[in-house]
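Structure record follows, encoded as structure tokens.
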Amino acid sequence: MTEVRVRFPPSPTGYLHIGGARTALLNWLWARKNNGKLILRIEDTDAERSTEESIAGIIDGMTWLGLDWDEGPYFQTDFSDDHTKAAKKLLASGHAYKCFCTKEELDQKREAAMAAKKDVRYDGTCRDLTPEQVAEKEAQVIPSVIRFKVPQKEGKVAYEDKVLGTIERSYDDIEDFVIVRSNGKPLYLLCNVVDDIRDRISHIIRGQDHMSNTTRQVLLYQALDAPIPVFAHMPLTLDLQKRKISKRSHGEIVAVQFYREKGFIPWALCNFLALLGWNPGTDQEIFSREELIEVFTLERIGKVNSVFNYQKGNAKFFTDPKLISINEHYLRTMDITELAELVKQDFEEQDIWDKAYDGDKREWFLTTLDLIRDRFHTTRDFATLGRAYFADDYTVEAKPLKKNILKHPDLKTWLPMLAERFAVLDDFNKETTESTSRELAEELDIKPGILINGMRTALTGQLAGPGMFDILVALGKERVVNRLNNIDHLYDGA
RNA sequence: GUCCCCAUCGUCUAGUCAGGUCCAGGACACCGGCCUUUCACGCCGGCAACACCGGUUCAAAUCCGGUUGGGGACGCCA
């Protein structure tokens, strides 16, 4: 069996978006499943639009997602000679010809055809020029492009698609497409094929938007006398209006970088992306890398375009709810030490990382993460919603402040009373803190909930959280006593 | 205008190739309940779909034809 070699060939004209990431992911899965190779190839032949930042962004994005590649990054522009040679070969073998029609003429014809609702294909003006006519035009230094000479015959070009089955298209319906610009630079259709032949690509997994390219490229493979790879066209990802998602019209929400900044778990995003247009045929939806590699097949890629379900301006569902839910699932079930690594990165950025979390306080750090992670959505929440556990500069949210503190002005004296009793506890644990709290409530003849919720708000700034006495233990006696003794400022604004 | 692809709950989808076990299963979201000092988690329950028409057949989500709808492509972009 021949080696499986796949590629991810982004054009560096913007950041890595989720559609591109999904393409990369599926190629990666196929490579890993077959012990094959994934080649990263930057298709930068469009010099005007290609940028360095974009290249860096793509590489960062893939690295963050954990999609490693085995060869490259190669740069298409480094192989211009190959492309030019191939074009010459096609010209020499009669598979291509020079076309002297000017861009202006063609644009005009195309517009006219569009306007008249007529076929817009190239009319073949230069297809049958004699060698003499060509020589004459060249003598006059008329610029020319090179067009591929699509066989004029009955029948159809066909290829087997792993997802869609047999795809056919009449030769008749394919125009003589341009493969080299008048400035001598070969175009995508050709470069892409030449590179794939050189890189010995065995499977081409890409979006359905490439289907019309594929039929033309099959012709190129045949003309270049090269084996045709296996094709698998995956469905596109659309927005709620059924429009192809793009960086241009959808902005940051479709950028991989956005999810990184929001504190998503990289593999959660991969897991979600895999499910968009692919499924294992079972009810399983959560997969480890190994599991996904194991069960992934090209045949189970869907045929139907899928909708990336997000509504602009919805704060709760700022991206596809299913993606959020998968991320939450990982957040609360993943190995706590792996989670700690991700949180560490956030904390370092937020400047609330304590080196002891890797040392003396390691155990405490992990236990605390585990205690609070159930309520969080992204790793960012540890430094924001969960800030009170790790730093003293947490904010007390308005809603709980009003409900649990301001509503009961006597807490101003009650909470310090509680602090006083906590301070003298020899063993500051769940049981002792709970009985202490309940005893005080009884003495004061108030519901324990008033003290408990007041404490929660004062100590964590939050309306909700873990069991109160777990919180006390997590915070530790010293912090609890300090914070409960310093609550006057909470009443300042009132 | 031409060509190509597609069509199951709001969304992601199973089931379609080998028609009956599907008055259509799962997940997310939503609603209700349990749990609970709070909020989550968890658990239980609910709502909700085979685009339409015709054909084949004892039997169609599944096969065939058409209609409609959606998407993609039609660049000297990639």
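In the structure tokens, chains take the letters A, B, ... in the order shown, each chain's residues start at 1, and ligands count up from 1 in the order shown.
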Which parts of segment 244-455 of chain A does DSSP call alpha helix (DSSP H) when run on the backbone here, written out as an NGL selection string?
:A and (247-250 or 256-261 or 266-275 or 289-295 or 321-333 or 336-350 or 362-372 or 398-400 or 411-423 or 430-444 or 448-455)
With only C-alpha atoms (C1' of nucleotides) as the counted atoms, please give the residues lying no more than 6 Å from segment 68-78 of chain B, apart from itself and same-chain residues fewer than 3 positions off, as a PyMOL selection string.
chain A and resi 181+209+212
Write out as a PyMOL selection string all residues of segment 176-406 of chain A that DSSP puts in strand (DSSP E or B) for this structure's backbone.
chain A and resi 178-180+186+203-207+230-234+237-238+244+255+278+301+306-307
Spatial neighbours of segment 163-167 of chain A, 12 Å, only C-alpha atoms (C1' of nucleotides), chain gap at least 2 places, as a ChimeraX atom specification
/A:156-161,169-170,204-208,211-212,214-215,218,230-235,277-278,297-304 /B:3-6,17
Residues near Tyr97 of chain A, cut-off 7 Å, only C-alpha atoms (C1' of nucleotides), skip fewer than 3 positions along chain, as a VMD selection string
chain A and resid 91 127 146 to 149
Selection file, all heavy atoms, as a PDB file, in the first residue's frame:
```pdb
ATOM      1  N   LEU A  91       2.495  22.899 -23.141  1.00  0.00           N
ATOM      2  CA  LEU A  91       2.503  23.636 -24.409  1.00  0.00           C
ATOM      3  C   LEU A  91       3.125  22.755 -25.494  1.00  0.00           C
ATOM      4  O   LEU A  91       2.579  22.599 -26.583  1.00  0.00           O
ATOM      5  CB  LEU A  91       3.335  24.909 -24.217  1.00  0.00           C
ATOM      6  CG  LEU A  91       2.975  26.181 -24.978  1.00  0.00           C
ATOM      7  CD1 LEU A  91       1.480  26.454 -24.947  1.00  0.00           C
ATOM      8  CD2 LEU A  91       3.736  27.356 -24.363  1.00  0.00           C
ATOM      9  N   ARG A 127      -7.756  29.206 -29.843  1.00  0.00           N
ATOM     10  CA  ARG A 127      -7.515  27.770 -29.680  1.00  0.00           C
ATOM     11  C   ARG A 127      -6.878  27.144 -30.919  1.00  0.00           C
ATOM     12  O   ARG A 127      -6.008  26.284 -30.805  1.00  0.00           O
ATOM     13  CB  ARG A 127      -8.832  27.060 -29.367  1.00  0.00           C
ATOM     14  CG  ARG A 127      -8.663  25.548 -29.148  1.00  0.00           C
ATOM     15  CD  ARG A 127      -9.991  24.906 -28.767  1.00  0.00           C
ATOM     16  NE  ARG A 127      -9.891  23.456 -28.807  1.00  0.00           N
ATOM     17  CZ  ARG A 127      -9.959  22.655 -27.741  1.00  0.00           C
ATOM     18  NH1 ARG A 127     -10.158  23.176 -26.552  1.00  0.00           N
ATOM     19  NH2 ARG A 127      -9.858  21.349 -27.877  1.00  0.00           N
ATOM     20  N   ILE A 146      -1.321  31.391 -21.243  1.00  0.00           N
ATOM     21  CA  ILE A 146      -1.390  30.009 -21.716  1.00  0.00           C
ATOM     22  C   ILE A 146      -2.678  29.395 -21.196  1.00  0.00           C
ATOM     23  O   ILE A 146      -3.000  29.519 -20.014  1.00  0.00           O
ATOM     24  CB  ILE A 146      -0.174  29.186 -21.237  1.00  0.00           C
ATOM     25  CG1 ILE A 146       1.115  29.807 -21.792  1.00  0.00           C
ATOM     26  CG2 ILE A 146      -0.302  27.730 -21.674  1.00  0.00           C
ATOM     27  CD1 ILE A 146       2.385  29.126 -21.319  1.00  0.00           C
ATOM     28  N   ARG A 147      -3.412  28.814 -22.133  1.00  0.00           N
ATOM     29  CA  ARG A 147      -4.658  28.157 -21.765  1.00  0.00           C
ATOM     30  C   ARG A 147      -4.533  26.657 -21.914  1.00  0.00           C
ATOM     31  O   ARG A 147      -3.846  26.171 -22.807  1.00  0.00           O
ATOM     32  CB  ARG A 147      -5.796  28.613 -22.685  1.00  0.00           C
ATOM     33  CG  ARG A 147      -6.355  29.951 -22.338  1.00  0.00           C
ATOM     34  CD  ARG A 147      -7.497  30.323 -23.275  1.00  0.00           C
ATOM     35  NE  ARG A 147      -7.895  31.705 -23.044  1.00  0.00           N
ATOM     36  CZ  ARG A 147      -8.760  32.072 -22.095  1.00  0.00           C
ATOM     37  NH1 ARG A 147      -9.336  31.167 -21.328  1.00  0.00           N
ATOM     38  NH2 ARG A 147      -9.061  33.346 -21.936  1.00  0.00           N
ATOM     39  N   PHE A 148      -5.215  25.946 -21.063  1.00  0.00           N
ATOM     40  CA  PHE A 148      -5.261  24.500 -21.198  1.00  0.00           C
ATOM     41  C   PHE A 148      -6.266  24.165 -22.292  1.00  0.00           C
ATOM     42  O   PHE A 148      -7.339  24.773 -22.371  1.00  0.00           O
ATOM     43  CB  PHE A 148      -5.688  23.841 -19.882  1.00  0.00           C
ATOM     44  CG  PHE A 148      -5.661  22.340 -19.959  1.00  0.00           C
ATOM     45  CD1 PHE A 148      -4.456  21.651 -19.882  1.00  0.00           C
ATOM     46  CD2 PHE A 148      -6.837  21.609 -20.135  1.00  0.00           C
ATOM     47  CE1 PHE A 148      -4.413  20.264 -19.979  1.00  0.00           C
ATOM     48  CE2 PHE A 148      -6.805  20.226 -20.237  1.00  0.00           C
ATOM     49  CZ  PHE A 148      -5.591  19.546 -20.161  1.00  0.00           C
ATOM     50  N   LYS A 149      -5.873  23.219 -23.148  1.00  0.00           N
ATOM     51  CA  LYS A 149      -6.743  22.833 -24.265  1.00  0.00           C
ATOM     52  C   LYS A 149      -7.619  21.663 -23.828  1.00  0.00           C
ATOM     53  O   LYS A 149      -7.179  20.512 -23.830  1.00  0.00           O
ATOM     54  CB  LYS A 149      -5.851  22.403 -25.437  1.00  0.00           C
ATOM     55  CG  LYS A 149      -6.531  22.423 -26.783  1.00  0.00           C
ATOM     56  CD  LYS A 149      -5.488  22.138 -27.875  1.00  0.00           C
ATOM     57  CE  LYS A 149      -5.914  22.655 -29.227  1.00  0.00           C
ATOM     58  NZ  LYS A 149      -4.791  22.610 -30.180  1.00  0.00           N
TER      59      LYS A 149
END
```
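Residues from chain B found within 6 Å of chain A are G1, U2, C6, U11, G26, C28, U37, U38, C39, A40, C41, G72, A73 and C76 of chain B, counting only C-alpha atoms (C1' of nucleotides).
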Go ahead and save the residues from that selection, with C-alpha atoms (C1' of nucleotides), as a compact mmCIF listing (two decimals), in the first residue's frame.
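Written out: again03.txt:
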```
# COMPACT_ATOMS: atom_id res chain seq x y z
C1' G B 1 -27.36 32.02 -18.55
C1' U B 2 -24.26 27.27 -17.94
C1' C B 6 -27.17 18.80 -1.65
C1' U B 11 -28.81 23.83 15.19
C1' G B 26 -28.88 10.84 19.89
C1' C B 28 -26.94 21.09 21.78
C1' U B 37 -28.15 27.68 51.98
C1' U B 38 -26.95 29.90 46.22
C1' C B 39 -25.74 28.79 41.30
C1' A B 40 -24.02 25.10 38.51
C1' C B 41 -22.98 19.91 37.78
C1' G B 72 -20.95 26.04 -4.80
C1' A B 73 -18.38 27.24 -9.31
C1' C B 76 -4.58 36.68 -16.13
```
Do you have the atom CA of Gly19 of chain A-atom CA of Lys344 of chain A distance handy?
28.9 Å
I'd like the interatomic distance between atom CA of Glu434 of chain A and atom CA of Ala419 of chain A, to a tenth of an Å.
12.8 Å
